[in-house]
$ cat protein_20.txt   # compact mmCIF, C-alpha atoms
# COMPACT_ATOMS: atom_id res chain seq x y z
CA MET A 180 0.00 0.00 0.00
CA TYR A 181 2.74 2.47 1.03
CA ASP A 182 4.66 1.49 -2.08
CA ALA A 183 1.68 2.06 -4.40
CA ILE A 184 0.96 5.52 -2.98
CA PHE A 185 4.41 6.92 -2.27
CA VAL A 186 7.02 4.97 -4.24
CA SER A 187 5.80 3.48 -7.54
CA PRO A 188 4.86 6.04 -10.22
CA TRP A 189 1.10 6.45 -10.42
CA PRO A 190 -0.67 5.17 -13.57
CA TRP A 191 -2.34 7.91 -15.61
CA TRP A 192 -5.81 6.90 -14.42
CA VAL A 193 -4.79 7.73 -10.85
CA GLY A 194 -2.64 10.82 -11.53
CA GLY A 195 -5.12 12.57 -13.85
CA PRO A 196 -8.19 12.26 -11.62
CA ALA A 197 -6.08 13.29 -8.59
CA ILE A 198 -5.10 16.50 -10.41
CA GLY A 199 -8.76 17.07 -11.29
CA LEU A 200 -9.72 16.59 -7.64
CA VAL A 201 -7.33 19.33 -6.50
CA VAL A 202 -8.98 21.66 -9.04
CA ILE A 203 -12.42 20.84 -7.62
CA LEU A 204 -11.25 21.11 -3.99
CA LEU A 205 -9.75 24.55 -4.61
CA ALA A 206 -13.04 25.69 -6.17
CA TRP A 207 -15.30 24.08 -3.59
CA LEU A 208 -13.36 24.94 -0.43
CA ALA A 209 -11.88 28.29 -1.44
CA GLY A 210 -13.79 29.45 -4.54
CA LYS A 211 -10.63 29.90 -6.62
CA PRO A 212 -9.70 28.80 -10.17
CA LEU A 213 -6.45 26.82 -10.12
CA GLY A 214 -3.59 28.27 -12.15
CA VAL A 215 0.13 28.68 -11.77
CA SER A 216 1.50 31.16 -14.32
CA THR A 217 -0.44 34.17 -12.99
CA GLY A 218 1.41 33.59 -9.72
CA TYR A 219 4.69 34.33 -11.52
CA GLY A 220 3.09 37.65 -12.52
CA SER A 221 2.21 38.28 -8.88
CA ALA A 222 5.84 37.57 -8.00
CA CYS A 223 6.95 40.15 -10.60
CA ALA A 224 4.41 42.61 -9.18
CA LEU A 225 6.18 42.43 -5.81
CA GLY A 226 9.33 43.99 -7.20
CA SER A 227 8.20 45.94 -10.26
CA ARG A 228 6.33 49.18 -10.85
CA LEU A 229 5.52 48.38 -14.49
CA SER A 230 1.89 49.19 -15.31
CA PHE A 231 1.33 45.66 -16.68
CA PHE A 232 1.90 44.14 -13.24
CA ARG A 233 -0.53 46.60 -11.63
CA GLY A 234 -3.28 44.61 -13.35
CA LYS A 235 -5.98 43.19 -11.08
CA GLU A 236 -5.18 39.58 -11.91
CA PHE A 237 -1.80 39.93 -10.17
CA GLU A 238 -3.25 41.39 -6.97
CA GLN A 239 -4.09 37.99 -5.54
CA PRO A 240 -1.84 37.05 -2.63
CA TRP A 241 -3.30 33.53 -2.56
CA ARG A 242 -1.61 32.77 -5.90
CA LEU A 243 1.82 33.48 -4.45
CA TRP A 244 1.18 31.23 -1.45
CA PHE A 245 -0.11 28.54 -3.81
CA ILE A 246 3.03 28.47 -5.96
CA VAL A 247 5.30 28.65 -2.89
CA GLY A 248 3.67 25.37 -1.83
CA LEU A 249 4.60 23.60 -5.09
CA PRO A 250 8.30 22.95 -4.33
CA VAL A 251 7.34 21.87 -0.80
CA GLY A 252 5.05 19.27 -2.38
CA GLY A 253 7.97 18.15 -4.54
CA VAL A 254 10.20 17.74 -1.47
CA ALA A 255 7.47 15.72 0.28
CA ALA A 256 6.97 13.42 -2.72
CA ALA A 257 10.71 12.76 -3.12
CA LEU A 258 11.25 12.34 0.63
CA LEU A 259 8.43 9.82 1.02
CA ALA A 260 9.58 7.94 -2.10
CA GLY A 261 13.09 7.82 -0.67
CA THR A 262 14.55 9.48 -3.77
CA LEU A 263 15.42 12.90 -2.34
CA ALA A 264 19.01 13.46 -3.47
CA PRO A 265 19.88 16.84 -5.02
CA THR A 266 21.34 16.35 -8.49
CA THR A 267 22.15 18.29 -11.64
CA ALA A 268 21.12 15.28 -13.79
CA TYR A 269 18.05 15.87 -15.98
CA GLY A 270 17.04 12.71 -17.83
CA GLN A 271 17.61 12.39 -21.58
CA LEU A 272 18.57 16.06 -21.81
CA ASP A 273 21.96 15.02 -20.37
CA LEU A 274 22.63 13.00 -23.55
CA LEU A 275 21.62 15.89 -25.79
CA THR A 276 23.90 18.33 -23.96
CA ASN A 277 26.77 15.82 -23.52
CA GLY A 278 26.69 16.41 -19.81
CA SER A 279 27.60 20.09 -20.19
CA LEU A 280 26.02 21.98 -17.32
CA VAL A 281 26.43 25.30 -19.14
CA ALA A 282 24.57 24.05 -22.22
CA LYS A 283 21.82 22.61 -20.03
CA ALA A 284 21.49 25.81 -18.01
CA GLY A 285 21.32 27.91 -21.19
CA LEU A 286 18.71 25.66 -22.76
CA LEU A 287 16.55 25.62 -19.62
CA PHE A 288 16.83 29.37 -19.01
CA GLY A 289 16.13 30.20 -22.68
CA GLY A 290 13.23 27.75 -22.80
CA GLY A 291 11.97 29.21 -19.53
CA LEU A 292 11.88 32.68 -21.10
CA LEU A 293 9.58 31.30 -23.82
CA VAL A 294 7.40 29.53 -21.25
CA GLY A 295 7.03 32.67 -19.11
CA GLY A 296 6.42 35.08 -21.98
CA GLY A 297 4.19 32.60 -23.82
CA ALA A 298 2.06 31.99 -20.74
CA ARG A 299 1.33 35.70 -20.28
CA TRP A 300 0.69 36.13 -24.01
CA ALA A 301 -1.68 33.15 -24.05
CA GLY A 302 -3.32 34.14 -20.76
CA GLY A 303 -2.47 30.90 -18.99
CA CYS A 304 -0.33 27.74 -18.86
CA PRO A 305 -0.96 23.98 -19.06
CA SER A 306 -2.70 24.00 -15.65
CA GLY A 307 -4.90 27.10 -15.98
CA HIS A 308 -5.68 26.66 -19.69
CA SER A 309 -5.35 22.95 -20.52
CA ILE A 310 -7.02 21.56 -17.40
CA VAL A 311 -9.19 24.23 -15.74
CA GLY A 312 -10.01 26.23 -18.90
CA ILE A 313 -10.91 23.24 -21.06
CA ALA A 314 -12.96 21.73 -18.21
CA GLN A 315 -14.95 24.99 -18.27
CA GLY A 316 -15.30 24.80 -22.04
CA ALA A 317 -13.36 28.02 -22.75
CA VAL A 318 -12.51 28.42 -26.45
CA SER A 319 -9.27 30.31 -25.77
CA SER A 320 -8.11 27.42 -23.55
CA ILE A 321 -8.74 24.83 -26.25
CA VAL A 322 -6.90 26.96 -28.82
CA ALA A 323 -3.99 27.64 -26.42
CA THR A 324 -3.68 23.93 -25.65
CA VAL A 325 -3.54 23.03 -29.35
CA GLY A 326 -0.80 25.69 -29.55
CA PHE A 327 1.11 24.13 -26.62
CA MET A 328 1.03 20.70 -28.29
CA VAL A 329 1.84 21.86 -31.83
CA GLY A 330 4.65 24.18 -30.67
CA GLY A 331 5.96 21.48 -28.34
CA VAL A 332 5.94 18.57 -30.79
CA VAL A 333 7.53 20.63 -33.61
CA VAL A 334 10.27 22.24 -31.52
CA PHE A 335 11.08 19.08 -29.56
CA ASN A 336 11.54 16.98 -32.68
CA LEU A 337 13.53 19.73 -34.43
CA LEU A 338 15.80 19.99 -31.38
CA TYR A 339 16.58 16.27 -31.38
CA ALA A 340 16.79 16.07 -35.19
CA ILE A 341 19.40 18.85 -35.30
CA PHE A 342 21.44 18.11 -32.16
CA GLY A 343 21.06 14.32 -32.13
CA GLY A 344 19.76 12.00 -29.45
CA MET B 72 -9.84 31.83 3.35
CA SER B 73 -6.64 33.53 4.51
CA PRO B 74 -3.89 33.60 1.84
CA PRO B 75 -1.25 31.54 3.70
CA LEU B 76 -3.67 28.59 3.82
CA PHE B 77 -3.40 28.32 0.03
CA MET B 78 0.10 26.98 0.52
CA LEU B 79 -1.54 23.72 1.60
CA PHE B 80 -3.25 23.45 -1.79
CA GLY B 81 0.10 24.17 -3.45
CA ILE B 82 1.79 21.42 -1.43
CA LEU B 83 -0.96 18.95 -2.35
CA PHE B 84 -0.85 19.93 -6.04
CA GLY B 85 2.95 19.72 -6.10
CA PHE B 86 2.92 16.29 -4.46
CA ILE B 87 0.34 15.00 -6.95
CA LEU B 88 2.17 16.43 -10.00
CA SER B 89 5.31 14.66 -8.82
CA ARG B 90 3.55 11.33 -8.18
CA ALA B 91 1.71 11.55 -11.52
CA GLY B 92 5.09 11.56 -13.28
CA VAL B 93 4.59 14.86 -15.08
CA THR B 94 7.75 16.37 -13.56
CA ASP B 95 9.88 13.69 -15.27
CA TYR B 96 11.74 15.03 -18.34
CA ASP B 97 11.73 11.61 -19.99
CA VAL B 98 7.93 11.33 -19.66
CA ILE B 99 7.49 14.77 -21.27
CA ALA B 100 9.96 13.72 -24.00
CA GLY B 101 7.83 10.62 -24.66
CA MET B 102 4.77 12.81 -25.09
CA PHE B 103 6.48 15.11 -27.62
CA ARG B 104 7.86 12.07 -29.49
CA LEU B 105 4.26 10.78 -29.50
CA THR B 106 5.56 7.43 -28.23
CA ASP B 107 4.15 7.55 -24.68
CA VAL B 108 0.43 7.99 -24.01
CA HIS B 109 0.88 8.43 -20.22
CA LEU B 110 0.70 12.22 -20.25
CA PHE B 111 -2.23 12.34 -22.66
CA GLY B 112 -4.06 10.02 -20.27
CA VAL B 113 -3.14 12.22 -17.28
CA ILE B 114 -4.26 15.47 -18.93
CA GLY B 115 -7.40 13.94 -20.44
CA SER B 116 -8.60 12.32 -17.22
CA ALA B 117 -7.73 15.48 -15.23
CA ILE B 118 -9.93 17.53 -17.60
CA GLY B 119 -12.73 14.96 -17.37
CA THR B 120 -12.63 14.89 -13.56
CA ALA B 121 -12.51 18.69 -13.26
CA ALA B 122 -15.35 19.11 -15.80
CA LEU B 123 -17.51 16.68 -13.86
CA GLY B 124 -16.77 18.55 -10.62
CA PHE B 125 -17.53 21.96 -12.15
CA TRP B 126 -20.82 20.58 -13.47
CA ALA B 127 -21.78 19.30 -10.01
CA LEU B 128 -20.74 22.59 -8.37
CA ARG B 129 -22.76 24.59 -10.89
CA ARG B 130 -25.81 22.42 -10.29
CA ALA B 131 -25.43 23.06 -6.55
CA GLY B 132 -25.54 26.83 -7.14
CA ASN B 133 -21.81 27.55 -7.66
CA ARG B 134 -21.18 28.17 -3.98
CA THR B 135 -18.23 27.16 -1.85
CA ILE B 136 -18.65 24.96 1.20
CA SER B 137 -19.06 28.14 3.30
CA GLY B 138 -21.61 29.70 0.91
CA GLU B 139 -19.33 32.15 -0.92
CA PRO B 140 -19.67 32.48 -4.71
CA ILE B 141 -17.12 30.45 -6.71
CA ASP B 142 -14.97 32.49 -9.11
CA LEU B 143 -15.34 30.36 -12.22
CA ARG B 144 -15.45 32.90 -15.02
CA ARG B 145 -14.22 31.51 -18.31
CA LYS B 146 -11.06 33.00 -19.70
CA PRO B 147 -12.18 35.39 -22.48
CA TRP B 148 -11.17 34.75 -26.08
CA GLN B 149 -8.05 36.57 -27.23
CA ARG B 150 -5.78 36.04 -30.22
CA GLY B 151 -2.76 35.74 -27.93
CA ALA B 152 -3.97 32.21 -27.18
CA ILE B 153 -2.64 31.14 -30.61
CA TRP B 154 0.78 32.84 -30.59
CA GLY B 155 1.36 32.62 -26.87
CA GLY B 156 0.31 28.98 -26.99
CA LEU B 157 2.87 28.16 -29.69
CA VAL B 158 5.63 30.07 -27.85
CA LEU B 159 4.87 28.35 -24.55
CA GLY B 160 4.81 25.00 -26.37
CA ALA B 161 8.28 25.71 -27.79
CA GLY B 162 9.57 26.51 -24.30
CA TRP B 163 7.90 23.39 -22.89
CA ALA B 164 9.80 21.34 -25.50
CA LEU B 165 13.16 22.92 -24.62
CA THR B 166 12.76 22.64 -20.84
CA GLY B 167 10.48 19.63 -20.42
CA ALA B 168 8.64 21.73 -17.86
CA CYS B 169 5.84 24.24 -17.44
CA PRO B 170 5.37 26.93 -14.75
CA GLY B 171 3.96 24.43 -12.24
CA THR B 172 6.18 21.41 -12.82
CA SER B 173 9.44 23.42 -12.84
CA LEU B 174 8.78 24.55 -9.25
CA VAL B 175 7.97 20.98 -8.19
CA GLN B 176 11.19 19.76 -9.84
CA VAL B 177 13.21 22.17 -7.70
CA GLY B 178 11.67 20.58 -4.61
CA GLU B 179 12.40 17.08 -5.90
CA GLY B 180 16.08 17.99 -5.96
CA LYS B 181 16.44 18.52 -9.72
CA LEU B 182 18.68 21.53 -9.25
CA VAL B 183 18.87 22.56 -12.93
CA ALA B 184 15.13 23.37 -12.75
CA LEU B 185 16.22 26.54 -10.93
CA PHE B 186 17.34 27.81 -14.36
CA THR B 187 13.89 27.01 -15.78
CA VAL B 188 12.15 28.84 -12.92
CA ALA B 189 14.47 31.85 -13.33
CA GLY B 190 13.78 31.84 -17.08
CA ILE B 191 10.00 31.72 -16.60
CA LEU B 192 10.14 34.57 -14.10
CA ALA B 193 12.33 36.61 -16.47
CA GLY B 194 10.07 35.79 -19.45
CA THR B 195 7.02 36.93 -17.49
CA TYR B 196 8.82 40.17 -16.62
CA VAL B 197 10.02 40.81 -20.19
CA TYR B 198 6.49 40.30 -21.53
CA GLY B 199 5.15 42.71 -18.89
CA TRP B 200 7.87 45.23 -19.80
CA PHE B 201 6.87 45.19 -23.47
CA ARG B 202 3.18 45.40 -22.69
CA SER B 203 3.73 48.28 -20.29
CA ARG B 204 5.71 50.16 -22.98
CA LEU B 205 3.03 49.52 -25.61
CA ASN B 206 0.04 50.47 -23.48
CA THR B 207 1.34 53.42 -21.52
CA PRO B 208 0.89 56.66 -23.45
CA THR B 209 4.15 58.56 -23.61
CA VAL B 210 4.49 62.34 -23.57
CA SER B 211 5.41 62.29 -27.25
CA SER B 212 2.10 60.74 -28.32
CA PRO B 213 -0.25 63.27 -30.02
CA GLN B 214 -3.21 63.01 -27.63
CA VAL B 215 -1.14 63.56 -24.53
CA GLN B 216 0.61 66.56 -26.07
CA GLU B 217 -2.76 68.07 -26.81
CA VAL B 218 -3.77 67.70 -23.20
CA LEU B 219 -0.53 69.21 -21.97
CA ARG B 220 -0.78 72.24 -24.26
CA PRO B 221 -2.92 75.00 -22.72
$ encode --input "protein_20.txt" --output "structure tokens"
Amino acid sequence: MYDAIFVSPWPWWVGGPAIGLVVILLAWLAGKPLGVSTGYGSACALGSRLSFFRGKEFEQPWRLWFIVGLPVGGVAAALLAGTLAPTTAYGQLDLLTNGSLVAKAGLLFGGGLLVGGGARWAGGCPSGHSIVGIAQGAVSSIVATVGFMVGGVVVFNLLYAIFGG
Amino acid sequence: MSPPLFMLFGILFGFILSRAGVTDYDVIAGMFRLTDVHLFGVIGSAIGTAALGFWALRRAGNRTISGEPIDLRRKPWQRGAIWGGLVLGAGWALTGACPGTSLVQVGEGKLVALFTVAGILAGTYVYGWFRSRLNTPTVSSPQVQEVLRP
């Protein structure tokens, strides 16, 4: 039992519904729509006077607390699974970058720029758009999610076609 | 509900994202190679579960457990969904992570995810910088000059 919950990776039919349940719990207990990327905007709003970050959607302290909890959840999951060991390894990306930490850092930071800018441009990320937005039947969320998948599949396969792996 | 309590939801969501395997670069790679259906199953069943829950909540009057109204407005349509979606997808392919999973990865001990998180924060800021420049009228714009002139 312990192994099935905390150690073995969950099958999709457990992981997906569990994610959906958190969405429902957040709505039912607290009345809030789950989303992560707006919280990054709230973080920017803390230290920036740009008019964009004075927007109402970033004046929600709960979003900051929510995203601060995410790494704590990651620590808990790794600790309970017995896999908590800080590492600079990052799966198959290590093969693509030949173990160069500088190349990996550049790729992740550059990709992160696109994720952050793209999320604000699209008005949400895979959690707020692809799960919550689609579950609400929002057209922009369906379109954004098609964009995530098309952009992702094309760029991923180009990356590995050009740099090997 | 007081803001700090929302950290508990974040912890729960982070734990579940980790256990569901979506913070694993190789799982994301399998999705983009279209060789692994795990993530499609996760996202699809998450949408289905959330949709069912929203439907039940709406039928019950869209109120929280303590009787407050639930904020479930749909995101409005905007063309940025197309371009922003493609750009985010490109970044997702390069990093194997999205705004939520990158933060969870940091907690799991995947230290390089700190670069992803820093990039996302910087990307959010750069987008806000451009939007602030585009939307804020400057003194040199014709309308403002007219107002300034007596």
$ residues_around --input "protein_20.txt" --residues "Ala184 in chain B" --least-positions-apart "2" --cutoff "9 Å" --atoms "only C-alpha atoms" --output "ChimeraX atom specification"
/A:267,269,284,287-288 /B:166,168,173-177,180-182,186-189
$ residues_around --input "protein_20.txt" --residues "Cys304 in chain A" --least-positions-apart "6" --cutoff "8 Å" --atoms "only C-alpha atoms" --output "JSON, numbers by chain"
{"A": [214, 215, 216, 298], "B": [159, 169, 170]}
$ atom_distance --input "protein_20.txt" --atom1 "CA of Ser89 in chain B" --atom2 "CA of Leu76 in chain B"
20.8 Å
$ residues_around --input "protein_20.txt" --residues "Gly307 in chain A" --least-positions-apart "5" --cutoff "9 Å" --atoms "all atoms listed in the file" --output "number ranges by chain"
A: 212-217, 302, 312-313, 320
$ closest_residue --input "protein_20.txt" --among "A:Val325, A:Ser279, A:Glu236, A:Asp182" --to "chain B" --atoms "all atoms listed in the file"
A:Val325
$ build_atoms --input "protein_20.txt" --residues "range 228-251 of chain A" --atoms "N, CA and C atoms" --output "PDB file, in the frame of the given file"
ATOM      1  N   ARG A 228       7.367  48.150 -10.800  1.00  0.00           N
ATOM      2  CA  ARG A 228       6.330  49.180 -10.850  1.00  0.00           C
ATOM      3  C   ARG A 228       5.737  49.295 -12.248  1.00  0.00           C
ATOM      4  N   LEU A 229       6.064  48.346 -13.140  1.00  0.00           N
ATOM      5  CA  LEU A 229       5.520  48.380 -14.490  1.00  0.00           C
ATOM      6  C   LEU A 229       3.998  48.347 -14.452  1.00  0.00           C
ATOM      7  N   SER A 230       3.358  49.103 -15.350  1.00  0.00           N
ATOM      8  CA  SER A 230       1.890  49.190 -15.310  1.00  0.00           C
ATOM      9  C   SER A 230       1.243  47.824 -15.555  1.00  0.00           C
ATOM     10  N   PHE A 231       1.900  46.982 -16.385  1.00  0.00           N
ATOM     11  CA  PHE A 231       1.330  45.660 -16.680  1.00  0.00           C
ATOM     12  C   PHE A 231       1.069  44.857 -15.409  1.00  0.00           C
ATOM     13  N   PHE A 232       2.017  44.943 -14.462  1.00  0.00           N
ATOM     14  CA  PHE A 232       1.900  44.140 -13.240  1.00  0.00           C
ATOM     15  C   PHE A 232       1.009  44.804 -12.188  1.00  0.00           C
ATOM     16  N   ARG A 233       0.458  45.991 -12.527  1.00  0.00           N
ATOM     17  CA  ARG A 233      -0.530  46.600 -11.630  1.00  0.00           C
ATOM     18  C   ARG A 233      -1.932  46.078 -11.951  1.00  0.00           C
ATOM     19  N   GLY A 234      -2.007  45.196 -12.969  1.00  0.00           N
ATOM     20  CA  GLY A 234      -3.280  44.610 -13.350  1.00  0.00           C
ATOM     21  C   GLY A 234      -3.914  43.839 -12.197  1.00  0.00           C
ATOM     22  N   LYS A 235      -5.247  43.799 -12.196  1.00  0.00           N
ATOM     23  CA  LYS A 235      -5.980  43.190 -11.080  1.00  0.00           C
ATOM     24  C   LYS A 235      -5.661  41.710 -10.892  1.00  0.00           C
ATOM     25  N   GLU A 236      -5.391  41.028 -12.033  1.00  0.00           N
ATOM     26  CA  GLU A 236      -5.180  39.580 -11.910  1.00  0.00           C
ATOM     27  C   GLU A 236      -3.929  39.232 -11.101  1.00  0.00           C
ATOM     28  N   PHE A 237      -3.022  40.222 -10.930  1.00  0.00           N
ATOM     29  CA  PHE A 237      -1.800  39.930 -10.170  1.00  0.00           C
ATOM     30  C   PHE A 237      -1.917  40.338  -8.705  1.00  0.00           C
ATOM     31  N   GLU A 238      -3.041  40.981  -8.364  1.00  0.00           N
ATOM     32  CA  GLU A 238      -3.250  41.390  -6.970  1.00  0.00           C
ATOM     33  C   GLU A 238      -3.968  40.304  -6.193  1.00  0.00           C
ATOM     34  N   GLN A 239      -3.434  39.092  -6.247  1.00  0.00           N
ATOM     35  CA  GLN A 239      -4.090  37.990  -5.540  1.00  0.00           C
ATOM     36  C   GLN A 239      -3.043  37.245  -4.724  1.00  0.00           C
ATOM     37  N   PRO A 240      -2.889  37.657  -3.452  1.00  0.00           N
ATOM     38  CA  PRO A 240      -1.840  37.050  -2.630  1.00  0.00           C
ATOM     39  C   PRO A 240      -1.942  35.519  -2.553  1.00  0.00           C
ATOM     40  N   TRP A 241      -3.167  34.985  -2.683  1.00  0.00           N
ATOM     41  CA  TRP A 241      -3.300  33.530  -2.560  1.00  0.00           C
ATOM     42  C   TRP A 241      -2.493  32.811  -3.622  1.00  0.00           C
ATOM     43  N   ARG A 242      -2.342  33.433  -4.811  1.00  0.00           N
ATOM     44  CA  ARG A 242      -1.610  32.770  -5.900  1.00  0.00           C
ATOM     45  C   ARG A 242      -0.138  32.584  -5.560  1.00  0.00           C
ATOM     46  N   LEU A 243       0.421  33.587  -4.871  1.00  0.00           N
ATOM     47  CA  LEU A 243       1.820  33.480  -4.450  1.00  0.00           C
ATOM     48  C   LEU A 243       1.991  32.351  -3.437  1.00  0.00           C
ATOM     49  N   TRP A 244       1.099  32.306  -2.454  1.00  0.00           N
ATOM     50  CA  TRP A 244       1.180  31.230  -1.450  1.00  0.00           C
ATOM     51  C   TRP A 244       1.015  29.875  -2.116  1.00  0.00           C
ATOM     52  N   PHE A 245       0.131  29.799  -3.112  1.00  0.00           N
ATOM     53  CA  PHE A 245      -0.110  28.540  -3.810  1.00  0.00           C
ATOM     54  C   PHE A 245       1.175  28.053  -4.486  1.00  0.00           C
ATOM     55  N   ILE A 246       1.848  28.954  -5.234  1.00  0.00           N
ATOM     56  CA  ILE A 246       3.030  28.470  -5.960  1.00  0.00           C
ATOM     57  C   ILE A 246       4.228  28.252  -5.020  1.00  0.00           C
ATOM     58  N   VAL A 247       4.240  28.918  -3.866  1.00  0.00           N
ATOM     59  CA  VAL A 247       5.300  28.650  -2.890  1.00  0.00           C
ATOM     60  C   VAL A 247       5.145  27.221  -2.337  1.00  0.00           C
ATOM     61  N   GLY A 248       3.904  26.736  -2.318  1.00  0.00           N
ATOM     62  CA  GLY A 248       3.670  25.370  -1.830  1.00  0.00           C
ATOM     63  C   GLY A 248       4.160  24.298  -2.784  1.00  0.00           C
ATOM     64  N   LEU A 249       4.249  24.621  -4.086  1.00  0.00           N
ATOM     65  CA  LEU A 249       4.600  23.600  -5.090  1.00  0.00           C
ATOM     66  C   LEU A 249       5.943  22.905  -4.810  1.00  0.00           C
ATOM     67  N   PRO A 250       7.049  23.657  -4.604  1.00  0.00           N
ATOM     68  CA  PRO A 250       8.300  22.950  -4.330  1.00  0.00           C
ATOM     69  C   PRO A 250       8.252  22.149  -3.029  1.00  0.00           C
ATOM     70  N   VAL A 251       7.462  22.615  -2.055  1.00  0.00           N
ATOM     71  CA  VAL A 251       7.340  21.870  -0.800  1.00  0.00           C
ATOM     72  C   VAL A 251       6.680  20.507  -1.083  1.00  0.00           C
TER      73      VAL A 251
END
